[in-house]
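File shown: work.csv (CSV, C-alpha atoms and all ligand atoms).
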chain,number,residue,atom,x,y,z
A,205,MET,CA,-2.6,12.7,6.7
A,206,ILE,CA,-0.2,12.1,3.8
A,207,LYS,CA,1.2,15.0,1.8
A,208,VAL,CA,3.6,14.4,-1.1
A,209,GLN,CA,4.9,17.6,-2.6
A,210,ASN,CA,6.8,17.6,-5.9
A,211,VAL,CA,8.5,14.4,-5.1
A,212,SER,CA,10.7,12.8,-7.8
A,213,LYS,CA,12.9,9.7,-8.2
A,214,ASN,CA,15.5,8.9,-10.8
A,215,TYR,CA,17.4,5.7,-11.2
A,216,LYS,CA,20.8,5.3,-12.8
A,217,THR,CA,20.7,2.6,-15.5
A,218,PRO,CA,23.4,1.4,-17.9
A,219,SER,CA,21.7,3.4,-20.6
A,220,GLY,CA,21.5,6.6,-18.6
A,221,THR,CA,19.2,8.2,-16.0
A,222,PHE,CA,15.6,6.9,-15.9
A,223,GLN,CA,12.9,9.0,-14.3
A,224,ALA,CA,10.7,6.5,-12.4
A,225,VAL,CA,8.6,9.3,-10.8
A,226,SER,CA,8.6,12.8,-12.2
A,227,PRO,CA,7.6,15.6,-9.7
A,228,ALA,CA,4.4,14.3,-8.2
A,229,SER,CA,2.1,15.7,-5.6
A,230,LEU,CA,-0.6,13.9,-3.7
A,231,HIS,CA,-2.8,14.8,-0.7
A,232,VAL,CA,-4.3,11.8,1.2
A,233,GLU,CA,-6.8,13.0,3.8
A,234,GLU,CA,-7.5,11.3,7.1
A,235,GLY,CA,-9.9,8.4,6.6
A,236,ASP,CA,-9.2,8.1,2.9
A,237,VAL,CA,-8.7,4.8,1.1
A,238,TYR,CA,-6.7,6.3,-1.7
A,239,GLY,CA,-5.8,4.2,-4.8
A,240,ILE,CA,-2.9,4.7,-7.2
A,241,ILE,CA,-3.6,2.8,-10.4
A,242,GLY,CA,-1.7,2.4,-13.6
A,243,PHE,CA,-0.1,-0.2,-15.9
A,244,SER,CA,3.0,-2.1,-15.1
A,245,GLY,CA,6.1,0.1,-14.9
A,246,ALA,CA,4.1,3.3,-14.4
A,247,GLY,CA,6.0,4.1,-11.2
A,248,LYS,CA,3.2,3.2,-8.7
A,249,SER,CA,5.4,1.1,-6.3
A,250,THR,CA,8.2,3.6,-6.4
A,251,LEU,CA,5.8,6.4,-5.5
A,252,LEU,CA,4.4,4.4,-2.6
A,253,ARG,CA,7.9,3.6,-1.3
A,254,LEU,CA,8.7,7.3,-1.5
A,255,VAL,CA,6.0,7.9,1.1
A,256,ASN,CA,7.8,6.0,3.9
A,257,LEU,CA,11.2,6.8,2.4
A,258,LEU,CA,12.0,3.1,1.6
A,259,GLU,CA,13.0,5.0,-1.6
A,260,LYS,CA,14.8,8.3,-1.0
A,261,PRO,CA,13.3,11.1,-3.1
A,262,ASP,CA,15.7,13.0,-5.3
A,263,ALA,CA,13.6,16.1,-4.6
A,264,GLY,CA,10.4,17.2,-2.9
A,265,GLU,CA,8.9,16.7,0.6
A,266,VAL,CA,6.8,14.0,2.2
A,267,TYR,CA,4.6,14.7,5.3
A,268,VAL,CA,2.8,12.0,7.2
A,269,GLY,CA,0.6,13.0,10.1
A,270,GLY,CA,1.9,16.6,9.9
A,271,GLN,CA,5.6,15.5,10.3
A,272,GLU,CA,8.0,16.1,7.5
A,273,LEU,CA,9.7,12.7,6.9
A,274,THR,CA,12.1,14.1,4.4
A,275,GLY,CA,13.6,16.3,7.1
A,276,LEU,CA,14.3,13.6,9.7
A,277,SER,CA,17.5,11.9,10.8
A,278,LYS,CA,17.8,8.1,10.3
A,279,LYS,CA,16.9,7.5,14.0
A,280,GLU,CA,13.9,9.9,13.9
A,281,LEU,CA,12.7,8.3,10.6
A,282,ARG,CA,12.9,4.8,12.1
A,283,ARG,CA,10.6,6.0,14.9
A,284,ALA,CA,8.2,7.8,12.5
A,285,ARG,CA,7.9,4.7,10.4
A,286,GLN,CA,6.4,2.9,13.4
A,287,SER,CA,3.1,4.8,12.7
A,288,ILE,CA,3.2,3.8,9.0
A,289,GLY,CA,2.3,0.1,8.3
A,290,MET,CA,3.0,-1.5,5.0
A,291,ILE,CA,1.9,-4.7,3.2
A,292,PHE,CA,3.2,-6.2,0.0
A,293,GLN,CA,2.1,-8.3,-2.9
A,294,HIS,CA,4.2,-11.3,-1.8
A,295,PHE,CA,3.5,-10.8,1.9
A,296,ASN,CA,7.2,-10.6,3.0
A,297,LEU,CA,6.8,-12.8,6.0
A,298,LEU,CA,9.7,-14.2,7.9
A,299,ASN,CA,9.6,-17.9,7.1
A,300,ASN,CA,11.6,-19.0,10.1
A,301,ARG,CA,9.2,-17.3,12.5
A,302,THR,CA,5.7,-18.5,13.5
A,303,VAL,CA,2.7,-16.3,12.8
A,304,SER,CA,2.8,-14.8,16.4
A,305,GLU,CA,6.5,-14.2,16.1
A,306,ASN,CA,6.0,-12.4,12.7
A,307,VAL,CA,3.4,-10.1,14.2
A,308,ALA,CA,5.6,-9.5,17.3
A,309,PHE,CA,8.6,-8.5,15.1
A,310,PRO,CA,7.8,-4.8,14.7
A,311,LEU,CA,6.9,-4.6,18.5
A,312,GLU,CA,10.4,-6.0,19.3
A,313,VAL,CA,12.0,-3.4,17.0
A,314,ALA,CA,10.0,-0.8,18.9
A,315,SER,CA,11.3,-2.2,22.3
A,316,ILE,CA,7.8,-3.0,23.6
A,317,THR,CA,7.9,-5.2,26.7
A,318,LYS,CA,7.2,-9.0,26.3
A,319,GLU,CA,4.0,-8.8,28.3
A,320,GLU,CA,2.6,-6.0,26.1
A,321,ARG,CA,3.8,-7.8,22.9
A,322,VAL,CA,1.9,-11.0,23.8
A,323,GLN,CA,-1.3,-9.0,24.5
A,324,ARG,CA,-0.9,-6.9,21.2
A,325,VAL,CA,-0.1,-9.9,19.1
A,326,ARG,CA,-3.3,-11.6,20.4
A,327,GLU,CA,-5.4,-8.5,19.6
A,328,CYS,CA,-4.0,-8.2,16.1
A,329,LEU,CA,-4.5,-11.9,15.3
A,330,GLU,CA,-8.1,-11.5,16.5
A,331,ILE,CA,-8.6,-8.5,14.1
A,332,VAL,CA,-7.6,-10.7,11.1
A,333,GLY,CA,-9.3,-13.9,12.5
A,334,LEU,CA,-6.2,-16.0,12.7
A,335,THR,CA,-5.9,-16.7,16.4
A,336,GLU,CA,-5.9,-20.4,15.8
A,337,LYS,CA,-2.8,-20.1,13.5
A,338,ALA,CA,-0.7,-18.3,16.1
A,339,ASP,CA,1.9,-21.1,16.3
A,340,SER,CA,1.9,-22.1,12.6
A,341,TYR,CA,4.8,-21.3,10.2
A,342,PRO,CA,4.0,-19.2,7.1
A,343,SER,CA,4.7,-22.3,4.8
A,344,LYS,CA,1.6,-23.9,6.3
A,345,LEU,CA,-0.7,-21.0,5.3
A,346,SER,CA,-2.6,-20.1,2.2
A,347,GLY,CA,-1.9,-16.9,0.3
A,348,GLY,CA,-4.9,-15.2,1.9
A,349,GLN,CA,-3.9,-16.3,5.4
A,350,LYS,CA,-0.3,-15.1,4.7
A,351,GLN,CA,-1.7,-11.6,3.7
A,352,ARG,CA,-3.8,-11.6,6.9
A,353,VAL,CA,-0.7,-12.2,9.0
A,354,ALA,CA,1.0,-9.4,7.1
A,355,ILE,CA,-1.9,-7.1,7.9
A,356,ALA,CA,-1.8,-8.1,11.6
A,357,ARG,CA,2.0,-7.4,11.6
A,358,ALA,CA,1.4,-4.0,9.9
A,359,LEU,CA,-1.2,-3.1,12.5
A,360,ALA,CA,0.9,-4.2,15.5
A,361,ASN,CA,2.3,-0.7,16.3
A,362,ARG,CA,-1.2,0.9,15.8
A,363,PRO,CA,-0.3,2.8,12.7
A,364,LYS,CA,-2.2,5.9,11.5
A,365,VAL,CA,-1.4,5.0,7.9
A,366,LEU,CA,-1.3,1.7,6.0
A,367,LEU,CA,0.6,1.5,2.7
A,368,CYS,CA,-0.5,-1.4,0.5
A,369,ASP,CA,1.6,-2.4,-2.5
A,370,GLU,CA,-0.5,-4.6,-4.8
A,371,PRO,CA,-2.0,-6.4,-1.7
A,372,THR,CA,-4.2,-8.7,-3.7
A,373,SER,CA,-2.3,-9.3,-7.0
A,374,ALA,CA,-1.1,-12.7,-5.9
A,375,LEU,CA,-4.6,-13.9,-4.7
A,376,ASP,CA,-7.6,-15.4,-6.4
A,377,PRO,CA,-10.8,-13.3,-6.8
A,378,GLN,CA,-12.6,-14.8,-3.7
A,379,THR,CA,-9.6,-14.3,-1.4
A,380,THR,CA,-9.1,-10.8,-2.9
A,381,ARG,CA,-12.6,-9.9,-1.7
A,382,THR,CA,-11.9,-11.2,1.8
A,383,ILE,CA,-8.6,-9.2,2.0
A,384,LEU,CA,-10.3,-6.0,0.7
A,385,ALA,CA,-13.1,-6.4,3.2
A,386,PHE,CA,-10.4,-6.6,6.0
A,387,LEU,CA,-8.7,-3.5,4.7
A,388,LYS,CA,-12.1,-1.6,4.6
A,389,GLU,CA,-12.9,-2.7,8.1
A,390,ILE,CA,-9.5,-1.6,9.3
A,391,ASN,CA,-10.1,1.8,7.6
A,392,VAL,CA,-13.6,2.2,9.1
A,393,GLN,CA,-13.3,0.5,12.6
A,394,LEU,CA,-9.7,1.5,13.4
A,395,GLY,CA,-9.6,4.8,11.5
A,396,VAL,CA,-6.5,3.8,9.6
A,397,THR,CA,-5.9,5.9,6.4
A,398,ILE,CA,-4.9,3.7,3.5
A,399,LEU,CA,-2.8,4.4,0.4
A,400,LEU,CA,-3.0,1.4,-2.0
A,401,VAL,CA,-1.3,0.6,-5.3
A,402,THR,CA,-3.0,-1.6,-7.8
A,403,HIS,CA,-3.3,-2.3,-11.5
A,404,GLU,CA,-6.8,-3.6,-11.1
A,405,MET,CA,-9.7,-1.2,-11.4
A,406,ASN,CA,-12.0,-3.6,-9.5
A,407,VAL,CA,-9.8,-3.2,-6.4
A,408,VAL,CA,-10.2,0.5,-6.7
A,409,LYS,CA,-13.9,0.4,-7.2
A,410,GLU,CA,-14.3,-2.0,-4.2
A,411,ILE,CA,-12.7,0.0,-1.5
A,412,CYS,CA,-11.2,3.4,-2.6
A,413,ASN,CA,-12.9,6.7,-2.3
A,414,LYS,CA,-10.3,8.4,-4.4
A,415,VAL,CA,-7.8,7.3,-7.1
A,416,ALA,CA,-4.8,8.8,-8.8
A,417,VAL,CA,-3.9,7.5,-12.2
A,418,MET,CA,-0.2,7.1,-13.1
A,419,GLU,CA,1.4,6.8,-16.5
A,420,ASN,CA,5.1,6.7,-17.4
A,421,GLY,CA,6.2,8.2,-14.0
A,422,HIS,CA,3.6,11.0,-14.1
A,423,LEU,CA,0.5,11.4,-11.9
A,424,VAL,CA,-1.9,12.3,-14.7
A,425,GLU,CA,-5.3,12.5,-13.1
A,426,LYS,CA,-6.9,12.4,-9.6
A,427,ILE,CA,-10.5,11.2,-9.4
A,428,SER,CA,-13.0,11.3,-6.5
A,429,LEU,CA,-15.1,8.1,-6.6
A,430,SER,CA,-17.7,9.6,-4.4
A,431,ASP,CA,-18.8,11.9,-7.2
A,432,ARG,CA,-22.1,10.9,-8.6
A,433,GLU,CA,-20.8,10.8,-12.1
A,434,ILE,CA,-17.2,9.8,-12.7
A,435,LYS,CA,-15.8,11.5,-15.8
A,436,PRO,CA,-12.2,10.5,-16.5
A,437,LYS,CA,-10.4,13.1,-18.7
A,438,THR,CA,-7.1,11.6,-19.8
A,439,ASP,CA,-7.0,8.7,-22.3
A,440,ILE,CA,-5.3,6.4,-19.8
A,441,ALA,CA,-8.0,7.0,-17.1
A,442,LYS,CA,-10.7,6.6,-19.7
A,443,LEU,CA,-9.1,3.3,-20.8
A,444,LEU,CA,-8.9,2.0,-17.2
A,445,PHE,CA,-12.4,3.0,-16.3
A,446,GLU,CA,-13.9,1.8,-19.6
A,447,GLU,CA,-12.1,-1.5,-19.3
A,448,GLU,CA,-13.9,-2.0,-16.0
A,449,ILE,CA,-17.3,-1.0,-17.5
A,450,SER,CA,-16.7,-3.4,-20.4
A,451,GLU,CA,-15.7,-6.2,-18.1
A,452,LYS,CA,-18.9,-5.7,-16.1
A,453,ARG,CA,-20.9,-5.9,-19.4
A,454,GLY,CA,-19.0,-9.1,-20.3
A,455,ILE,CA,-17.2,-7.6,-23.3
A,456,ALA,CA,-14.0,-9.6,-23.9
A,457,HIS,CA,-10.7,-7.8,-24.6
A,458,VAL,CA,-8.1,-9.2,-27.0
B,501,LIG,N1,16.0,0.1,-8.4
B,501,LIG,C1,15.7,0.4,-9.6
B,501,LIG,N2,16.6,0.7,-10.6
B,501,LIG,C2,16.3,1.0,-11.9
B,501,LIG,N3,15.0,1.1,-12.3
B,501,LIG,C3,14.1,0.8,-11.4
B,501,LIG,C4,14.3,0.5,-10.1
B,501,LIG,N4,13.1,0.3,-9.4
B,501,LIG,C5,12.2,0.5,-10.4
B,501,LIG,N5,12.7,0.8,-11.6
B,501,LIG,C6,12.0,1.1,-12.8
B,501,LIG,O1,11.1,2.2,-12.6
B,501,LIG,C7,9.9,2.0,-13.3
B,501,LIG,C8,8.8,2.1,-12.3
B,501,LIG,O2,8.8,0.9,-11.5
B,501,LIG,P1,7.6,0.6,-10.4
B,501,LIG,O3,7.9,-0.7,-9.8
B,501,LIG,O4,7.5,1.8,-9.5
B,501,LIG,O5,6.4,0.5,-11.4
B,501,LIG,P2,4.9,0.0,-11.1
B,501,LIG,O6,3.9,0.9,-11.7
B,501,LIG,O7,4.8,-0.3,-9.6
B,501,LIG,O8,4.9,-1.4,-11.9
B,501,LIG,P3,4.7,-2.9,-11.5
B,501,LIG,O9,3.3,-3.1,-11.1
B,501,LIG,O10,5.2,-3.7,-12.7
B,501,LIG,O11,5.7,-3.1,-10.3
B,501,LIG,C9,10.0,0.7,-14.0
B,501,LIG,O12,10.4,0.9,-15.3
B,501,LIG,C10,11.1,0.0,-13.3
B,501,LIG,O13,11.8,-0.9,-14.1

Let me see the structure of the file written as structure tokens.
Amino acid sequence: MIKVQNVSKNYKTPSGTFQAVSPASLHVEEGDVYGIIGFSGAGKSTLLRLVNLLEKPDAGEVYVGGQELTGLSKKELRRARQSIGMIFQHFNLLNNRTVSENVAFPLEVASITKEERVQRVRECLEIVGLTEKADSYPSKLSGGQKQRVAIARALANRPKVLLCDEPTSALDPQTTRTILAFLKEINVQLGVTILLVTHEMNVVKEICNKVAVMENGHLVEKISLSDREIKPKTDIAKLLFEEEISEKRGIAHV
């Protein structure tokens, strides 16, 4: 469903060129909830944004649903992006629009008729259980509710793929569980393939079936979580998995 082939990204900085993502390849199959985990600055968000070309790769190819995004014109890319939803750590809602108007926004961009928009907004708000907040403004919502609106908005155009950039990092543990449950339901019930960036192993363990580990711009290891025994090979993957095991056993880290 998503194929990233030898994609890389450099940034120009005052001190020279900085390689945020060095040639990386990733294959996300239909139905996966695929995690990308790593510490801050590892290049996770950059890699995610390379998938829908919010960041333009310096090299490599990106395919989503069999279509090569890296070969499209601007107009074709705008259209292709309609089948790729995205949610963010800080929700990125439009504060001067109501909940309904936020969810309707991508439908307006896609030139969907008003009648269809009203119907689809209603459906999406039902999916995330926020029908009663349709006329509220984002400022009146909790963090969890804001993320549910963002999910509804991301689903409006019936995407095949949902990209999630640290979707629960701004939320408390209880709300995190609720949002992860929504994402899992969307994956199972609606058949949406999910690629999710996080620095928290508990998020990966909760909903992902596969995870790629990133360190200093490199994808260093890919692990299937459906394997009976998970055996991380690299030091960073061992550290991330062992931290999780230690936390479960109640061992404090200093
Ligand atoms: N536009 C930019 N210009 C220069 N450097 C950038 C730019 N965007 C990201 N970087 C740098 O690239 C590296 C990777 O950033 P990225 O946000 O992808 O990491 P991350 O793993 O998602 O970390 P975090 O969770 O802290 O966001 C960081 O060192 C960051 O400072």

Mind listing the residues within 12 Å of ligand LIG 501 (chain B), only C-alpha atoms and all ligand atoms counted, as a tab-separated table (two decimals) with C-alpha atoms, in the coordinates of the input?
chain	number	residue	atom	x	y	z
A	212	SER	CA	10.70	12.80	-7.80
A	213	LYS	CA	12.90	9.70	-8.20
A	214	ASN	CA	15.50	8.90	-10.80
A	215	TYR	CA	17.40	5.70	-11.20
A	216	LYS	CA	20.80	5.30	-12.80
A	217	THR	CA	20.70	2.60	-15.50
A	218	PRO	CA	23.40	1.40	-17.90
A	219	SER	CA	21.70	3.40	-20.60
A	220	GLY	CA	21.50	6.60	-18.60
A	221	THR	CA	19.20	8.20	-16.00
A	222	PHE	CA	15.60	6.90	-15.90
A	223	GLN	CA	12.90	9.00	-14.30
A	224	ALA	CA	10.70	6.50	-12.40
A	225	VAL	CA	8.60	9.30	-10.80
A	226	SER	CA	8.60	12.80	-12.20
A	240	ILE	CA	-2.90	4.70	-7.20
A	241	ILE	CA	-3.60	2.80	-10.40
A	242	GLY	CA	-1.70	2.40	-13.60
A	243	PHE	CA	-0.10	-0.20	-15.90
A	244	SER	CA	3.00	-2.10	-15.10
A	245	GLY	CA	6.10	0.10	-14.90
A	246	ALA	CA	4.10	3.30	-14.40
A	247	GLY	CA	6.00	4.10	-11.20
A	248	LYS	CA	3.20	3.20	-8.70
A	249	SER	CA	5.40	1.10	-6.30
A	250	THR	CA	8.20	3.60	-6.40
A	251	LEU	CA	5.80	6.40	-5.50
A	252	LEU	CA	4.40	4.40	-2.60
A	253	ARG	CA	7.90	3.60	-1.30
A	254	LEU	CA	8.70	7.30	-1.50
A	258	LEU	CA	12.00	3.10	1.60
A	259	GLU	CA	13.00	5.00	-1.60
A	260	LYS	CA	14.80	8.30	-1.00
A	292	PHE	CA	3.20	-6.20	0.00
A	293	GLN	CA	2.10	-8.30	-2.90
A	294	HIS	CA	4.20	-11.30	-1.80
A	368	CYS	CA	-0.50	-1.40	0.50
A	369	ASP	CA	1.60	-2.40	-2.50
A	370	GLU	CA	-0.50	-4.60	-4.80
A	371	PRO	CA	-2.00	-6.40	-1.70
A	372	THR	CA	-4.20	-8.70	-3.70
A	373	SER	CA	-2.30	-9.30	-7.00
A	374	ALA	CA	-1.10	-12.70	-5.90
A	400	LEU	CA	-3.00	1.40	-2.00
A	401	VAL	CA	-1.30	0.60	-5.30
A	402	THR	CA	-3.00	-1.60	-7.80
A	403	HIS	CA	-3.30	-2.30	-11.50
A	404	GLU	CA	-6.80	-3.60	-11.10
A	417	VAL	CA	-3.90	7.50	-12.20
A	418	MET	CA	-0.20	7.10	-13.10
A	419	GLU	CA	1.40	6.80	-16.50
A	420	ASN	CA	5.10	6.70	-17.40
A	421	GLY	CA	6.20	8.20	-14.00
A	422	HIS	CA	3.60	11.00	-14.10
A	423	LEU	CA	0.50	11.40	-11.90

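With CA of Ser430 (chain A) on one side and CA of Gln209 (chain A) on the other, the separation reads 24.0 Å.
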
Which residue is closest to Thr274 (chain A)? Choose from A:Lys207, A:Gln378, A:Val365, A:Ala228 and count all atoms listed in the file.
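Using all atoms listed in the file, Thr274 (chain A) sits closest to A:Lys207.
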
Could you give me, as a PyMOL selection string, the residues within 10 Å of Leu359 (chain A), counting only C-alpha atoms and dropping anything in the same chain fewer than 3 positions from it?
chain A and resi 286-291+307+310+324-325+327-329+331+353-356+362-366+390+394+396

Between CA of Lys437 (chain A) and CA of Leu230 (chain A), distance in Å (one decimal):
17.9 Å

Could you please determine the separation between CA of Glu233 (chain A) and CA of Leu276 (chain A) in Å, to one decimal place?
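Separation between CA of Glu233 (chain A) and CA of Leu276 (chain A): 21.9 Å.
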
Protein, DNA and RNA residues within 12 Å of (15.8, 2.8, 10.6), only C-alpha atoms, as a ChimeraX atom specification:
/A:256-258,276-286,310,313-314

Produce a table with one row for each residue of region 231-303 of chain A that has an atom at most 8 Å from any atom of region 334-341 of chain A, each row naming the nearest atom pair and its distance in Å at one decimal; use all atoms listed in the file; arrange rows by chain and rising residue number; format as a Markdown table.
| residue | atom | partner | partner_atom | distance |
| --- | --- | --- | --- | --- |
| A:Asn299 | CA | A:Tyr341 | CA | 6.6 |
| A:Asn300 | CA | A:Tyr341 | CA | 7.2 |
| A:Arg301 | CA | A:Tyr341 | CA | 6.4 |
| A:Thr302 | CA | A:Tyr341 | CA | 4.4 |
| A:Val303 | CA | A:Ala338 | CA | 5.1 |

At a cut-off of 12 Å, using only C-alpha atoms, what residues contact region 425-429 of chain A? Leave out same-chain residues fewer than 6 positions from it and give the result as a ChimeraX atom specification.
/A:228-232,236-242,405,408-419,435-442,444-445

Next, dump the selected residues to file, keeping only C-alpha atoms, as a compact mmCIF listing (two decimals), keeping the file's coordinate frame.
# COMPACT_ATOMS: atom_id res chain seq x y z
CA ALA A 228 4.40 14.30 -8.20
CA SER A 229 2.10 15.70 -5.60
CA LEU A 230 -0.60 13.90 -3.70
CA HIS A 231 -2.80 14.80 -0.70
CA VAL A 232 -4.30 11.80 1.20
CA ASP A 236 -9.20 8.10 2.90
CA VAL A 237 -8.70 4.80 1.10
CA TYR A 238 -6.70 6.30 -1.70
CA GLY A 239 -5.80 4.20 -4.80
CA ILE A 240 -2.90 4.70 -7.20
CA ILE A 241 -3.60 2.80 -10.40
CA GLY A 242 -1.70 2.40 -13.60
CA MET A 405 -9.70 -1.20 -11.40
CA VAL A 408 -10.20 0.50 -6.70
CA LYS A 409 -13.90 0.40 -7.20
CA GLU A 410 -14.30 -2.00 -4.20
CA ILE A 411 -12.70 0.00 -1.50
CA CYS A 412 -11.20 3.40 -2.60
CA ASN A 413 -12.90 6.70 -2.30
CA LYS A 414 -10.30 8.40 -4.40
CA VAL A 415 -7.80 7.30 -7.10
CA ALA A 416 -4.80 8.80 -8.80
CA VAL A 417 -3.90 7.50 -12.20
CA MET A 418 -0.20 7.10 -13.10
CA GLU A 419 1.40 6.80 -16.50
CA LYS A 435 -15.80 11.50 -15.80
CA PRO A 436 -12.20 10.50 -16.50
CA LYS A 437 -10.40 13.10 -18.70
CA THR A 438 -7.10 11.60 -19.80
CA ASP A 439 -7.00 8.70 -22.30
CA ILE A 440 -5.30 6.40 -19.80
CA ALA A 441 -8.00 7.00 -17.10
CA LYS A 442 -10.70 6.60 -19.70
CA LEU A 444 -8.90 2.00 -17.20
CA PHE A 445 -12.40 3.00 -16.30

So which one's closest to Asn306 (chain A), A:Leu399, A:Val322, A:Gly270, A:Gly347? Using only C-alpha atoms, please.
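Among the listed residues, the smallest separation from Asn306 (chain A) belongs to A:Val322.
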
N, CA and C atoms for region 256-278 of chain A, written as a PDB file, in the frame of the given file, could you do that?
ATOM      1  N   ASN A 256       7.104   6.307   2.590  1.00  0.00           N
ATOM      2  CA  ASN A 256       7.800   6.000   3.900  1.00  0.00           C
ATOM      3  C   ASN A 256       9.293   6.020   3.748  1.00  0.00           C
ATOM      4  N   LEU A 257       9.728   6.586   2.627  1.00  0.00           N
ATOM      5  CA  LEU A 257      11.200   6.800   2.400  1.00  0.00           C
ATOM      6  C   LEU A 257      11.945   5.466   2.283  1.00  0.00           C
ATOM      7  N   LEU A 258      11.235   4.366   1.909  1.00  0.00           N
ATOM      8  CA  LEU A 258      12.000   3.100   1.600  1.00  0.00           C
ATOM      9  C   LEU A 258      12.802   3.460   0.322  1.00  0.00           C
ATOM     10  N   GLU A 259      12.258   4.364  -0.519  1.00  0.00           N
ATOM     11  CA  GLU A 259      13.000   5.000  -1.600  1.00  0.00           C
ATOM     12  C   GLU A 259      13.269   6.424  -1.214  1.00  0.00           C
ATOM     13  N   LYS A 260      14.486   6.868  -1.341  1.00  0.00           N
ATOM     14  CA  LYS A 260      14.800   8.300  -1.000  1.00  0.00           C
ATOM     15  C   LYS A 260      14.494   9.170  -2.164  1.00  0.00           C
ATOM     16  N   PRO A 261      13.640  10.173  -1.966  1.00  0.00           N
ATOM     17  CA  PRO A 261      13.300  11.100  -3.100  1.00  0.00           C
ATOM     18  C   PRO A 261      14.556  11.876  -3.523  1.00  0.00           C
ATOM     19  N   ASP A 262      14.653  12.156  -4.816  1.00  0.00           N
ATOM     20  CA  ASP A 262      15.700  13.000  -5.300  1.00  0.00           C
ATOM     21  C   ASP A 262      15.362  14.489  -4.984  1.00  0.00           C
ATOM     22  N   ALA A 263      14.059  14.774  -4.958  1.00  0.00           N
ATOM     23  CA  ALA A 263      13.600  16.100  -4.600  1.00  0.00           C
ATOM     24  C   ALA A 263      12.193  16.036  -4.069  1.00  0.00           C
ATOM     25  N   GLY A 264      11.773  17.099  -3.404  1.00  0.00           N
ATOM     26  CA  GLY A 264      10.400  17.200  -2.900  1.00  0.00           C
ATOM     27  C   GLY A 264      10.331  16.819  -1.400  1.00  0.00           C
ATOM     28  N   GLU A 265       9.121  16.989  -0.855  1.00  0.00           N
ATOM     29  CA  GLU A 265       8.900  16.700   0.600  1.00  0.00           C
ATOM     30  C   GLU A 265       7.769  15.734   0.764  1.00  0.00           C
ATOM     31  N   VAL A 266       7.904  14.957   1.847  1.00  0.00           N
ATOM     32  CA  VAL A 266       6.800  14.000   2.200  1.00  0.00           C
ATOM     33  C   VAL A 266       6.458  14.296   3.676  1.00  0.00           C
ATOM     34  N   TYR A 267       5.165  14.484   3.911  1.00  0.00           N
ATOM     35  CA  TYR A 267       4.600  14.700   5.300  1.00  0.00           C
ATOM     36  C   TYR A 267       3.677  13.550   5.581  1.00  0.00           C
ATOM     37  N   VAL A 268       3.820  12.965   6.763  1.00  0.00           N
ATOM     38  CA  VAL A 268       2.800  12.000   7.200  1.00  0.00           C
ATOM     39  C   VAL A 268       2.400  12.403   8.624  1.00  0.00           C
ATOM     40  N   GLY A 269       1.089  12.582   8.796  1.00  0.00           N
ATOM     41  CA  GLY A 269       0.600  13.000  10.100  1.00  0.00           C
ATOM     42  C   GLY A 269       1.154  14.340  10.530  1.00  0.00           C
ATOM     43  N   GLY A 270       1.414  15.218   9.575  1.00  0.00           N
ATOM     44  CA  GLY A 270       1.900  16.600   9.900  1.00  0.00           C
ATOM     45  C   GLY A 270       3.434  16.624  10.088  1.00  0.00           C
ATOM     46  N   GLN A 271       4.100  15.471  10.083  1.00  0.00           N
ATOM     47  CA  GLN A 271       5.600  15.500  10.300  1.00  0.00           C
ATOM     48  C   GLN A 271       6.277  15.321   8.946  1.00  0.00           C
ATOM     49  N   GLU A 272       7.259  16.166   8.733  1.00  0.00           N
ATOM     50  CA  GLU A 272       8.000  16.100   7.500  1.00  0.00           C
ATOM     51  C   GLU A 272       9.038  14.956   7.572  1.00  0.00           C
ATOM     52  N   LEU A 273       8.788  13.851   6.868  1.00  0.00           N
ATOM     53  CA  LEU A 273       9.700  12.700   6.900  1.00  0.00           C
ATOM     54  C   LEU A 273      11.027  13.028   6.255  1.00  0.00           C
ATOM     55  N   THR A 274      10.946  13.822   5.191  1.00  0.00           N
ATOM     56  CA  THR A 274      12.100  14.100   4.400  1.00  0.00           C
ATOM     57  C   THR A 274      13.139  14.986   5.196  1.00  0.00           C
ATOM     58  N   GLY A 275      12.703  15.514   6.341  1.00  0.00           N
ATOM     59  CA  GLY A 275      13.600  16.300   7.100  1.00  0.00           C
ATOM     60  C   GLY A 275      14.186  15.606   8.341  1.00  0.00           C
ATOM     61  N   LEU A 276      13.913  14.307   8.457  1.00  0.00           N
ATOM     62  CA  LEU A 276      14.300  13.600   9.700  1.00  0.00           C
ATOM     63  C   LEU A 276      15.660  12.911   9.590  1.00  0.00           C
ATOM     64  N   SER A 277      16.275  12.735  10.757  1.00  0.00           N
ATOM     65  CA  SER A 277      17.500  11.900  10.800  1.00  0.00           C
ATOM     66  C   SER A 277      17.103  10.463  10.688  1.00  0.00           C
ATOM     67  N   LYS A 278      18.096   9.579  10.475  1.00  0.00           N
ATOM     68  CA  LYS A 278      17.800   8.100  10.300  1.00  0.00           C
ATOM     69  C   LYS A 278      17.052   7.603  11.537  1.00  0.00           C
TER      70      LYS A 278
END
